[in-house]
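Text of upload.cif, listed as mmCIF, C-alpha atoms and all ligand atoms:
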```cif
data_entry
#
loop_
_atom_site.label_atom_id
_atom_site.label_comp_id
_atom_site.auth_asym_id
_atom_site.auth_seq_id
_atom_site.Cartn_x
_atom_site.Cartn_y
_atom_site.Cartn_z
CA MET A 1 -38.08 -25.67 -26.63
CA PRO A 2 -34.28 -25.56 -26.51
CA SER A 3 -32.57 -28.52 -24.94
CA SER A 4 -32.32 -27.94 -21.24
CA ASP A 5 -28.89 -27.34 -19.80
CA SER A 6 -28.76 -30.48 -17.73
CA GLU A 7 -29.88 -32.46 -20.76
CA SER A 8 -26.86 -31.37 -22.86
CA MET A 9 -24.50 -31.97 -20.01
CA ARG A 10 -25.96 -35.38 -19.30
CA LYS A 11 -25.67 -36.43 -22.93
CA VAL A 12 -22.07 -35.29 -23.23
CA ARG A 13 -21.10 -36.84 -19.91
CA LYS A 14 -22.71 -40.11 -20.88
CA TYR A 15 -20.84 -40.13 -24.18
CA ILE A 16 -17.53 -39.37 -22.47
CA MET A 17 -18.13 -42.24 -20.08
CA THR A 18 -18.55 -44.61 -23.01
CA MET A 19 -15.34 -43.46 -24.70
CA PRO A 20 -12.47 -45.87 -24.16
CA SER A 21 -10.25 -44.47 -21.44
CA LEU A 22 -6.54 -43.89 -21.94
CA PRO A 23 -4.47 -47.08 -22.04
CA THR A 24 -3.28 -48.21 -18.61
CA THR A 25 0.32 -47.65 -19.65
CA VAL A 26 -0.39 -43.98 -20.34
CA ALA A 27 -2.20 -43.60 -17.02
CA LYS A 28 0.85 -45.17 -15.41
CA VAL A 29 3.16 -42.82 -17.36
CA LEU A 30 1.24 -39.83 -16.00
CA GLU A 31 1.37 -41.28 -12.52
CA VAL A 32 5.13 -41.90 -12.43
CA CYS A 33 5.83 -38.52 -14.04
CA ASN A 34 3.87 -36.81 -11.29
CA ASN A 35 6.66 -37.81 -8.99
CA PRO A 36 9.48 -35.28 -9.37
CA LYS A 37 11.99 -37.99 -8.45
CA THR A 38 11.14 -40.14 -11.48
CA SER A 39 14.26 -41.07 -13.41
CA PRO A 40 14.65 -41.89 -17.13
CA VAL A 41 14.99 -45.55 -16.17
CA ASP A 42 11.64 -45.50 -14.28
CA LEU A 43 9.84 -43.97 -17.25
CA ASP A 44 11.55 -46.33 -19.68
CA ARG A 45 10.36 -49.28 -17.60
CA VAL A 46 6.71 -48.15 -17.80
CA ILE A 47 6.65 -47.26 -21.51
CA SER A 48 8.50 -50.45 -22.46
CA LEU A 49 5.56 -52.46 -21.16
CA ASP A 50 3.57 -51.20 -24.14
CA PRO A 51 5.49 -51.91 -27.36
CA VAL A 52 3.00 -50.01 -29.55
CA LEU A 53 3.32 -46.88 -27.45
CA MET A 54 7.07 -47.32 -27.31
CA GLY A 55 7.26 -47.61 -31.10
CA LYS A 56 5.23 -44.44 -31.54
CA VAL A 57 7.28 -42.43 -29.09
CA LEU A 58 10.49 -43.52 -30.83
CA LYS A 59 8.99 -42.65 -34.21
CA LEU A 60 8.14 -39.15 -33.00
CA ILE A 61 11.58 -38.68 -31.53
CA ASN A 62 13.19 -39.70 -34.81
CA SER A 63 10.83 -37.65 -36.96
CA ALA A 64 11.38 -34.23 -38.50
CA TYR A 65 9.45 -32.84 -35.49
CA TYR A 66 12.66 -33.11 -33.45
CA GLY A 67 15.10 -33.05 -36.30
CA LEU A 68 17.75 -34.91 -34.29
CA GLN A 69 21.06 -35.51 -36.04
CA ASN A 70 21.25 -39.21 -35.34
CA GLN A 71 18.68 -41.94 -35.14
CA VAL A 72 17.86 -42.86 -31.52
CA THR A 73 16.83 -46.47 -31.05
CA SER A 74 17.01 -46.74 -27.29
CA LEU A 75 14.07 -45.30 -25.41
CA VAL A 76 16.04 -44.70 -22.24
CA ARG A 77 18.60 -42.74 -24.23
CA ALA A 78 15.81 -40.69 -25.80
CA ILE A 79 14.43 -39.93 -22.34
CA ILE A 80 17.86 -38.84 -21.15
CA MET A 81 18.26 -36.60 -24.21
CA LEU A 82 14.81 -35.03 -24.23
CA GLY A 83 13.83 -35.29 -20.59
CA VAL A 84 11.15 -37.17 -18.67
CA ASN A 85 8.58 -34.43 -19.09
CA THR A 86 9.00 -34.21 -22.86
CA VAL A 87 8.59 -37.93 -23.36
CA LYS A 88 5.57 -37.97 -21.05
CA ASN A 89 3.91 -35.30 -23.20
CA LEU A 90 4.69 -37.17 -26.41
CA ALA A 91 3.16 -40.34 -24.98
CA LEU A 92 0.10 -38.47 -23.76
CA SER A 93 -0.46 -36.64 -27.05
CA THR A 94 -0.30 -39.77 -29.19
CA ALA A 95 -2.57 -41.67 -26.81
CA VAL A 96 -5.22 -38.95 -26.77
CA LEU A 97 -5.11 -38.65 -30.55
CA ASP A 98 -5.56 -42.41 -30.83
CA ARG A 99 -8.75 -42.09 -28.83
CA LEU A 100 -10.14 -38.94 -30.38
CA ALA A 101 -8.92 -38.42 -33.90
CA ASP A 102 -11.45 -40.82 -35.34
CA LYS A 103 -13.63 -39.58 -38.20
CA ALA A 104 -16.75 -41.08 -36.67
CA GLY A 105 -16.44 -38.58 -33.83
CA PHE A 106 -16.95 -35.63 -36.17
CA ARG A 107 -20.45 -34.81 -37.28
CA ALA A 108 -20.74 -31.04 -37.21
CA LEU A 109 -17.11 -30.03 -37.60
CA ASN A 110 -14.71 -31.04 -40.34
CA MET A 111 -12.08 -33.35 -38.87
CA GLU A 112 -9.11 -32.26 -41.00
CA GLY A 113 -9.81 -28.59 -40.33
CA PHE A 114 -10.20 -29.24 -36.62
CA TRP A 115 -6.85 -31.05 -36.26
CA ARG A 116 -5.01 -28.55 -38.42
CA HIS A 117 -6.29 -25.77 -36.15
CA SER A 118 -5.18 -27.80 -33.13
CA LEU A 119 -1.72 -28.46 -34.60
CA CYS A 120 -1.34 -24.77 -35.36
CA VAL A 121 -2.24 -23.81 -31.78
CA GLY A 122 0.24 -26.42 -30.52
CA VAL A 123 3.17 -25.23 -32.61
CA VAL A 124 2.49 -21.53 -32.00
CA ALA A 125 2.17 -22.14 -28.25
CA LYS A 126 5.51 -23.95 -28.32
CA MET A 127 7.08 -21.12 -30.32
CA LEU A 128 5.73 -18.58 -27.82
CA ALA A 129 7.22 -20.65 -25.00
CA LYS A 130 10.61 -20.75 -26.72
CA LYS A 131 10.46 -17.03 -27.38
CA LYS A 132 9.83 -16.30 -23.72
CA GLY A 133 12.65 -18.57 -22.65
CA VAL A 134 10.75 -21.53 -21.16
CA GLY A 135 13.09 -24.47 -20.48
CA THR A 136 13.25 -27.26 -23.09
CA GLN A 137 11.73 -29.77 -20.66
CA ARG A 138 8.44 -27.83 -20.70
CA LEU A 139 8.21 -26.94 -24.40
CA ASP A 140 6.24 -30.02 -25.38
CA GLU A 141 3.77 -29.36 -22.59
CA PHE A 142 2.85 -26.17 -24.47
CA PHE A 143 2.56 -28.18 -27.68
CA ALA A 144 0.40 -30.88 -26.08
CA ALA A 145 -1.86 -28.28 -24.46
CA GLY A 146 -2.35 -26.61 -27.84
CA LEU A 147 -2.97 -29.86 -29.64
CA LEU A 148 -5.61 -30.82 -27.08
CA HIS A 149 -7.13 -27.45 -26.13
CA ASP A 150 -10.39 -27.90 -28.09
CA ILE A 151 -11.02 -31.62 -27.47
CA GLY A 152 -14.27 -30.74 -25.69
CA LYS A 153 -15.73 -29.98 -29.12
CA ILE A 154 -15.48 -33.63 -30.14
CA PRO A 155 -18.07 -35.18 -27.79
CA MET A 156 -20.30 -32.13 -28.26
CA ASN A 157 -20.39 -32.27 -32.02
CA ASN A 158 -20.90 -36.00 -31.85
CA VAL A 159 -23.85 -36.26 -29.47
CA LEU A 160 -25.31 -32.80 -29.97
CA SER A 161 -24.57 -32.45 -33.69
CA ASP A 162 -27.77 -30.58 -34.67
CA GLU A 163 -27.43 -28.23 -31.73
CA TYR A 164 -23.76 -27.77 -32.61
CA VAL A 165 -24.52 -26.76 -36.18
CA ARG A 166 -27.08 -24.30 -34.80
CA ALA A 167 -24.52 -22.88 -32.38
CA MET A 168 -22.05 -22.34 -35.26
CA GLY A 169 -24.82 -20.56 -37.18
CA LEU A 170 -25.58 -18.37 -34.18
CA ALA A 171 -21.89 -17.47 -33.77
CA ASP A 172 -21.64 -16.49 -37.46
CA ARG A 173 -24.87 -14.49 -37.48
CA GLU A 174 -24.10 -12.57 -34.34
CA ARG A 175 -20.35 -12.46 -34.92
CA ILE A 176 -19.59 -13.87 -31.51
CA PRO A 177 -17.01 -16.43 -30.39
CA LEU A 178 -18.20 -20.01 -30.79
CA PHE A 179 -17.82 -20.89 -27.12
CA LEU A 180 -20.33 -18.16 -26.21
CA ALA A 181 -22.76 -19.43 -28.83
CA GLU A 182 -22.35 -22.98 -27.48
CA LYS A 183 -23.07 -21.76 -23.98
CA ARG A 184 -26.12 -19.83 -25.15
CA SER A 185 -27.65 -22.63 -27.17
CA MET A 186 -26.63 -25.67 -25.14
CA ASP A 187 -25.73 -24.18 -21.76
CA LEU A 188 -22.42 -26.00 -22.11
CA ASP A 189 -19.29 -24.83 -23.85
CA HIS A 190 -16.39 -26.89 -25.20
CA ALA A 191 -14.04 -25.78 -22.43
CA GLU A 192 -16.43 -27.29 -19.89
CA ALA A 193 -16.87 -30.42 -22.00
CA GLY A 194 -13.08 -30.65 -22.30
CA ALA A 195 -12.81 -30.46 -18.53
CA MET A 196 -15.20 -33.43 -18.32
CA ILE A 197 -12.85 -35.47 -20.54
CA GLY A 198 -9.93 -34.36 -18.39
CA GLU A 199 -11.73 -35.57 -15.30
CA ALA A 200 -12.67 -38.90 -16.84
CA TRP A 201 -9.08 -39.48 -17.93
CA HIS A 202 -7.47 -38.11 -14.78
CA LEU A 203 -5.58 -35.39 -16.61
CA ASP A 204 -4.50 -32.59 -14.37
CA GLY A 205 -1.92 -29.84 -14.30
CA PRO A 206 -1.13 -27.38 -17.08
CA ILE A 207 -2.78 -29.25 -19.96
CA ALA A 208 -6.08 -29.68 -18.11
CA ASP A 209 -5.96 -26.01 -17.07
CA ALA A 210 -5.39 -24.88 -20.66
CA ILE A 211 -8.32 -26.99 -21.88
CA ARG A 212 -10.60 -25.51 -19.22
CA PHE A 213 -9.51 -21.85 -19.25
CA HIS A 214 -8.29 -20.99 -22.76
CA HIS A 215 -11.35 -18.80 -23.35
CA GLU A 216 -11.48 -17.38 -19.84
CA VAL A 217 -7.89 -16.44 -19.13
CA SER A 218 -8.89 -13.61 -16.81
CA GLN A 219 -10.60 -16.04 -14.48
CA TYR A 220 -7.62 -18.36 -14.22
CA GLU A 221 -5.81 -18.34 -10.90
CA GLY A 222 -3.70 -21.50 -10.99
CA LYS A 223 0.00 -22.17 -11.35
CA SER A 224 0.16 -22.55 -15.13
CA GLU A 225 -0.66 -19.05 -16.27
CA ASP A 226 2.07 -19.07 -18.92
CA ILE A 227 0.55 -22.08 -20.70
CA VAL A 228 -3.05 -20.85 -20.42
CA LEU A 229 -2.07 -17.44 -21.83
CA ALA A 230 0.05 -18.97 -24.59
CA ILE A 231 -2.83 -21.17 -25.71
CA ALA A 232 -5.21 -18.21 -25.78
CA VAL A 233 -2.78 -16.19 -27.91
CA ALA A 234 -1.98 -19.13 -30.20
CA ASP A 235 -5.70 -19.86 -30.62
CA TYR A 236 -6.29 -16.25 -31.61
CA TYR A 237 -3.41 -16.43 -34.09
CA ALA A 238 -4.74 -19.65 -35.70
CA SER A 239 -8.23 -18.18 -36.10
CA ARG A 240 -6.96 -14.84 -37.38
CA GLU A 241 -4.72 -16.51 -39.97
CA GLY A 242 -7.39 -19.01 -40.94
CA ILE A 243 -5.08 -21.98 -40.38
CA GLY A 244 -7.36 -25.00 -40.07
CA PHE A 245 -10.88 -24.40 -38.84
CA SER A 246 -12.40 -25.30 -35.55
CA GLY A 247 -15.79 -23.68 -36.06
CA CYS A 248 -14.98 -20.20 -34.79
CA LEU A 249 -14.91 -17.26 -37.21
CA TYR A 250 -15.02 -14.53 -34.57
CA PRO A 251 -12.49 -15.33 -31.85
CA ASP A 252 -12.77 -13.69 -28.45
CA LYS A 253 -10.94 -10.44 -27.91
CA LEU A 254 -7.86 -11.04 -25.81
CA PRO A 255 -7.30 -8.94 -22.67
CA PRO A 256 -5.13 -5.97 -23.75
CA ASP A 257 -2.39 -6.79 -21.25
CA ILE A 258 -2.07 -10.43 -22.32
CA TYR A 259 1.17 -9.95 -24.30
CA GLU A 260 2.77 -8.17 -21.40
CA ARG A 261 1.69 -10.88 -18.99
CA LEU A 262 2.97 -13.54 -21.36
CA GLY A 263 6.23 -11.72 -21.90
CA VAL A 264 6.17 -11.80 -25.71
CA PRO A 265 5.64 -8.63 -27.79
CA LYS A 266 2.49 -8.59 -29.92
CA ALA A 267 4.50 -7.50 -32.96
CA TRP A 268 6.40 -10.81 -32.87
CA LEU A 269 3.24 -12.57 -34.05
CA GLU A 270 3.48 -10.65 -37.33
CA GLU A 271 6.83 -12.22 -38.16
CA ILE A 272 6.21 -15.91 -37.64
CA ASP A 273 3.99 -17.02 -40.54
CA ALA A 274 6.64 -18.90 -42.52
CA ALA A 275 8.07 -20.57 -39.41
CA VAL A 276 4.57 -21.64 -38.30
CA ALA A 277 3.88 -23.26 -41.67
CA ALA A 278 7.14 -25.21 -41.48
CA GLU A 279 6.51 -26.31 -37.89
CA ILE A 280 2.97 -27.49 -38.68
CA GLU A 281 4.38 -29.60 -41.47
CA LYS A 282 6.83 -31.26 -39.08
CA ALA A 283 4.28 -31.70 -36.29
CA SER A 284 1.75 -33.33 -38.61
CA VAL A 285 3.58 -36.58 -37.83
CA PHE A 286 1.41 -36.70 -34.68
CA LEU A 287 -1.70 -37.17 -36.80
CA LYS A 288 -0.05 -39.75 -39.03
CA LEU A 289 0.75 -42.04 -36.11
CA ARG A 290 -2.85 -42.88 -35.36
CA ALA A 291 -3.67 -46.53 -34.84
FE FE B 301 -11.54 -23.26 -27.81
FE FE B 302 -9.24 -23.34 -30.64
#
```

Produce structure tokens that represent the structure in this file.
Amino acid sequence: MPSSDSESMRKVRKYIMTMPSLPTTVAKVLEVCNNPKTSPVDLDRVISLDPVLMGKVLKLINSAYYGLQNQVTSLVRAIIMLGVNTVKNLALSTAVLDRLADKAGFRALNMEGFWRHSLCVGVVAKMLAKKKGVGTQRLDEFFAAGLLHDIGKIPMNNVLSDEYVRAMGLADRERIPLFLAEKRSMDLDHAEAGAMIGEAWHLDGPIADAIRFHHEVSQYEGKSEDIVLAIAVADYYASREGIGFSGCLYPDKLPPDIYERLGVPKAWLEEIDAAVAAEIEKASVFLKLRA
């Protein structure tokens, strides 16, 4: 008898509830950044309360990921240079990775492959955003959404590891996208599990929407269509190119009008391989910062 739907959901929910929540500083960062009037000084005040987080954010800002000319040692100066929204997304990404990048969380999937896939989706989403002319303040939101889009797989392959291996087998045998195989065998897919994490951690806005809708872009009706579409395209690119591996050999077919809606020509994706490899290399600093 296959595990009943409510059973899978209950197990995953229970596991998510036992995961340590985001540090209070990060919750506070999200809260102050929700206010459009927040100034660099306000954000600096919050992040400075947590020296570890502050150190990590400064490390990222001074890493090859940004490639700034000069070393920046003052956080407030970094926030003025890069913008409140950028620094918020850096803080959020490092905090989530601290909570989730742990090897013990991976039973069915290979951790290195999973994070490489996620990095690839992050950098390609950011490149798509740049290509379509999104403002610099929002570029790292695309990156963070890509980095985090599949986090729902982590609790699932931890607490439902046997079922997860079976779902991967089903996807391979029937040549279907993994999220459909998850849904069929566990009545829960990783986008839904990701939404549960988002709820538990009070994530909302574009990143939460991308986590929830990256496999169901046609059903999305919110305000962040550009991010949701970019993640779907970047996810397809990562799977097609075999960069990293997140368990899915047969990605979902994208709606034919997706490139038009996104405002980036499909042919552009054929030209970016070398740039993607270089960007992944730079962005891998995110994984090296783990506690
Ligand atoms: Fe996914
Ligand atoms: Fe993915």

So, with all atoms listed in the file as the atoms that count, which of A:His215, A:Arg45, A:Arg107, A:Arg173 lies closest to ligand FE 302 (chain B)? A:His215

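Atom CA of Gly152 of chain A lies 17.7 Å from atom CA of Ala238 of chain A.
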
Go through the chains and note each residue within 8 Å of ligand FE 302 (chain B), using all atoms listed in the file, then give the set as a list in words.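 Protein and nucleic-acid residues within 8 Å of ligand FE 302 (chain B): His117, Ser118, Val121, His149, Asp150, Asp235, Tyr236, Ala238, Ser239, Ser246 and Cys248 of chain A.
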
Who sits within 8 Å of Leu180 of chain A, only C-alpha atoms, same chain under 4 positions skipped, as a count of residues only: 4

Closest contacts (chain A/ligand FE 301 (chain B), max 12 Å, all atoms listed in the file) as a tab-separated table:
```
residue	atom	partner	partner_atom	distance
A:Phe114	CA	B:FE301	FE	10.7
A:His117	CA	B:FE301	FE	10.2
A:Ser118	CA	B:FE301	FE	9.5
A:Val121	CA	B:FE301	FE	10.1
A:Ala145	CA	B:FE301	FE	11.4
A:Gly146	CA	B:FE301	FE	9.8
A:Leu147	CA	B:FE301	FE	11.0
A:Leu148	CA	B:FE301	FE	9.6
A:His149	CA	B:FE301	FE	6.3
A:Asp150	CA	B:FE301	FE	4.8
A:Ile151	CA	B:FE301	FE	8.4
A:Gly152	CA	B:FE301	FE	8.2
A:Lys153	CA	B:FE301	FE	8.0
A:Ile154	CA	B:FE301	FE	11.3
A:Pro177	CA	B:FE301	FE	9.1
A:Leu178	CA	B:FE301	FE	8.0
A:Phe179	CA	B:FE301	FE	6.7
A:Leu180	CA	B:FE301	FE	10.3
A:Ala181	CA	B:FE301	FE	11.9
A:Glu182	CA	B:FE301	FE	10.8
A:Asp189	CA	B:FE301	FE	8.8
A:His190	CA	B:FE301	FE	6.6
A:Ala191	CA	B:FE301	FE	6.4
A:Glu192	CA	B:FE301	FE	10.1
A:Ala193	CA	B:FE301	FE	10.7
A:Gly194	CA	B:FE301	FE	9.3
A:Ala195	CA	B:FE301	FE	11.8
A:Ala210	CA	B:FE301	FE	9.6
A:Ile211	CA	B:FE301	FE	7.7
A:Arg212	CA	B:FE301	FE	8.9
A:Phe213	CA	B:FE301	FE	8.9
A:His214	CA	B:FE301	FE	6.4
A:His215	CA	B:FE301	FE	6.3
A:Glu216	CA	B:FE301	FE	9.9
A:Val217	CA	B:FE301	FE	11.6
A:Val228	CA	B:FE301	FE	11.5
A:Ile231	CA	B:FE301	FE	9.2
A:Ala232	CA	B:FE301	FE	8.3
A:Val233	CA	B:FE301	FE	11.3
A:Ala234	CA	B:FE301	FE	10.7
A:Asp235	CA	B:FE301	FE	7.3
A:Tyr236	CA	B:FE301	FE	9.5
A:Ala238	CA	B:FE301	FE	11.0
A:Ser239	CA	B:FE301	FE	10.3
A:Phe245	CA	B:FE301	FE	11.1
A:Ser246	CA	B:FE301	FE	8.1
A:Gly247	CA	B:FE301	FE	9.3
A:Cys248	CA	B:FE301	FE	8.4
A:Leu249	CA	B:FE301	FE	11.6
A:Tyr250	CA	B:FE301	FE	11.6
A:Pro251	CA	B:FE301	FE	9.0
A:Asp252	CA	B:FE301	FE	9.7
```

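Closest to Glu31 of chain A among A:Glu174, A:Glu163, A:Asp204, A:Glu199 is A:Asp204, based on all atoms listed in the file.
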
Hey, what's within 7 Å of segment 93-105 of chain A if we count only C-alpha atoms and toss same-chain stuff fewer than 2 positions away? As JSON, numbers by chain, please? {"A": [22, 89, 90, 91, 107, 111, 144, 154, 158, 286, 290, 291]}

Measuring atom to atom with only C-alpha atoms, identify which of A:Thr86, A:Leu58, A:Glu271, A:Ser48 is nearest to Thr73 of chain A.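 For Thr73 of chain A, the nearest of the candidates is A:Leu58.
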
Could you tell me which of A:Gly198, A:Pro40, A:Pro155, A:Gly244 comes closest to Tyr15 of chain A if we count only C-alpha atoms?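 Comparing A:Gly198, A:Pro40, A:Pro155, A:Gly244 against Tyr15 of chain A, the winner is A:Pro155.
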
Gap from atom CA of Leu128 of chain A to atom CA of Lys56 of chain A - Å, one decimal: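 Going from atom CA of Leu128 of chain A over to atom CA of Lys56 of chain A covers 26.1 Å.
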
Met156 of chain A proximity check over A:Met54, A:Ile227, A:Leu43, A:Met196, using all atoms listed in the file: winner is A:Met196

Using only C-alpha atoms, which residue out of A:Leu229, A:Leu53, A:Met186, A:Leu109 lies closest to Val124 of chain A? A:Leu229

For atom CA of Asp44 of chain A and atom CA of Leu92 of chain A, the interatomic separation in Å (one decimal):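 We find that atom CA of Asp44 of chain A and atom CA of Leu92 of chain A lie 14.5 Å from each other.
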
Show me, as a PyMOL selection string, the residues that have an atom within 10 Å of Val264 of chain A when counting all atoms listed in the file, minus same-chain residues fewer than 3 positions from it. chain A and resi 128-129+131-133+230+258-261+267-269

Starting from the point (13.9, -35.1, -20.4), work out which residues of protein, DNA or RNA have an atom no more than 12 Å away when counting all atoms listed in the file; state them as a PyMOL selection string. chain A and resi 33+36+38-41+43-44+61+75-90+135-141

Export C-alpha atoms of the chosen residues as a compact mmCIF listing (two decimals), in the coordinates of the input?
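Done, and the output landed in out-v4.txt:
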```txt
# COMPACT_ATOMS: atom_id res chain seq x y z
CA CYS A 33 5.83 -38.52 -14.04
CA PRO A 36 9.48 -35.28 -9.37
CA THR A 38 11.14 -40.14 -11.48
CA SER A 39 14.26 -41.07 -13.41
CA PRO A 40 14.65 -41.89 -17.13
CA VAL A 41 14.99 -45.55 -16.17
CA LEU A 43 9.84 -43.97 -17.25
CA ASP A 44 11.55 -46.33 -19.68
CA ILE A 61 11.58 -38.68 -31.53
CA LEU A 75 14.07 -45.30 -25.41
CA VAL A 76 16.04 -44.70 -22.24
CA ARG A 77 18.60 -42.74 -24.23
CA ALA A 78 15.81 -40.69 -25.80
CA ILE A 79 14.43 -39.93 -22.34
CA ILE A 80 17.86 -38.84 -21.15
CA MET A 81 18.26 -36.60 -24.21
CA LEU A 82 14.81 -35.03 -24.23
CA GLY A 83 13.83 -35.29 -20.59
CA VAL A 84 11.15 -37.17 -18.67
CA ASN A 85 8.58 -34.43 -19.09
CA THR A 86 9.00 -34.21 -22.86
CA VAL A 87 8.59 -37.93 -23.36
CA LYS A 88 5.57 -37.97 -21.05
CA ASN A 89 3.91 -35.30 -23.20
CA LEU A 90 4.69 -37.17 -26.41
CA GLY A 135 13.09 -24.47 -20.48
CA THR A 136 13.25 -27.26 -23.09
CA GLN A 137 11.73 -29.77 -20.66
CA ARG A 138 8.44 -27.83 -20.70
CA LEU A 139 8.21 -26.94 -24.40
CA ASP A 140 6.24 -30.02 -25.38
CA GLU A 141 3.77 -29.36 -22.59
```
